[in-house]
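All remarks here apply to the structure that follows.
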Amino acid sequence: MHSTIVRIQNVFGFFTTVAFFVAFFTALSVVLYPASPTATVDVVSVKVIKGRPQYYSSKQQEYAFITFDLDADLESLYNWNTKQVFCWLSVVYGGGKGTKHVSARLPSSGTH
């Protein structure tokens, strides 16, 4: 008869093997179904106004309001293992003192 420790080692070894094969097939499914999302951004209008950052501040700043149309096809990102997709929009523009980077998180949904 096997001792308790040998039985625990055998059970642990079996579950480790099963976990390895599940991870392998999950990784294989990513290779077999590659993601190829596409997106286009069209700028509709740009408005630049001058204003104060706070009510009590006397310093004037420029604020830009940009209206754009975003058309994104994220259908290829969804497969059997996708729970949620996070999207963000990153804007790079040149200014008087160098290049500026702005990022914004877009709302996303867990279902398609």
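By order in the structure tokens, chains are A, B, ...; within a chain, residues start at 1; ligands start at 1, following the order shown.
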
**OP:** Please provide as a ChimeraX atom specification all residues within 10 Å of A:Arg52, with the sequence filter that same-chain residues fewer than 5 positions apart are discarded (counting only C-alpha atoms).
**Re:** /A:57-63

Counting only C-alpha atoms, what are the residues of stretch 21-100 of chain A within 10 Å of stretch 2-17 of chain A, and for each of them which pair of atoms is the nearest and at what distance in Å, to one decimal? Sort the table by chain and rising number, as CSV.
```
residue,atom,partner,partner_atom,distance
A:Phe21,CA,A:Thr17,CA,6.4
A:Val22,CA,A:Thr17,CA,8.7
A:Ala23,CA,A:Thr17,CA,10.0
```

Can those selected residues be exported to a file as a PDB file, in the first residue's frame so that it contains N, CA and C atoms?
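For reference, out_25.pdb as written:
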```pdb
ATOM      1  N   PHE A  21      -1.978  21.067 -19.437  1.00  0.00           N
ATOM      2  CA  PHE A  21      -2.644  20.857 -20.716  1.00  0.00           C
ATOM      3  C   PHE A  21      -3.745  21.887 -20.971  1.00  0.00           C
ATOM      4  N   VAL A  22      -4.460  22.293 -19.940  1.00  0.00           N
ATOM      5  CA  VAL A  22      -5.471  23.346 -20.115  1.00  0.00           C
ATOM      6  C   VAL A  22      -4.793  24.652 -20.517  1.00  0.00           C
ATOM      7  N   ALA A  23      -3.690  25.004 -19.872  1.00  0.00           N
ATOM      8  CA  ALA A  23      -2.953  26.226 -20.235  1.00  0.00           C
ATOM      9  C   ALA A  23      -2.393  26.127 -21.652  1.00  0.00           C
TER      10      ALA A  23
END
```

Subject >> Long-range neighbours of A:Val43 as an MDAnalysis selection string, 12 Å cut-off, only C-alpha atoms, 3 positions minimum in chain >> reply: chainID A and resid 40 46:47 65:71

Original post:
Suppose you want the space between atom CA of A:Leu77 and atom CA of A:Ser36; what is it in Å?
Top reply: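 Value for the atom CA of A:Leu77-atom CA of A:Ser36 distance: 7.3 Å.
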
Subject >> Å distance separating atom CA of A:Ala72 from atom CA of A:Val30, one decimal place >> reply: 21.0 Å

**OP:** Skip A:Tyr33 itself and residues of its chain fewer than 5 positions away, then list as an MDAnalysis selection string all residues within 9 Å of it, counting only C-alpha atoms.
**Re:** chainID A and resid 28 76 79

Original post:
How would you write, as number ranges by chain, the set of residues in chain A that DSSP gives as alpha helix (DSSP H)?
Top reply: A: 4-32

Subject >> atom CA of A:Ser90 to atom CA of A:Pro34, straight-line distance in Å >> reply: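 One can read the atom CA of A:Pro34 to atom CA of A:Ser90 distance as 23.7 Å.
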
**OP:** Give the strand (DSSP E) residues of chain A, as assigned by DSSP on the backbone, as a PyMOL selection string.
**Re:** chain A and resi 38-51+61-73+87-95+98-106
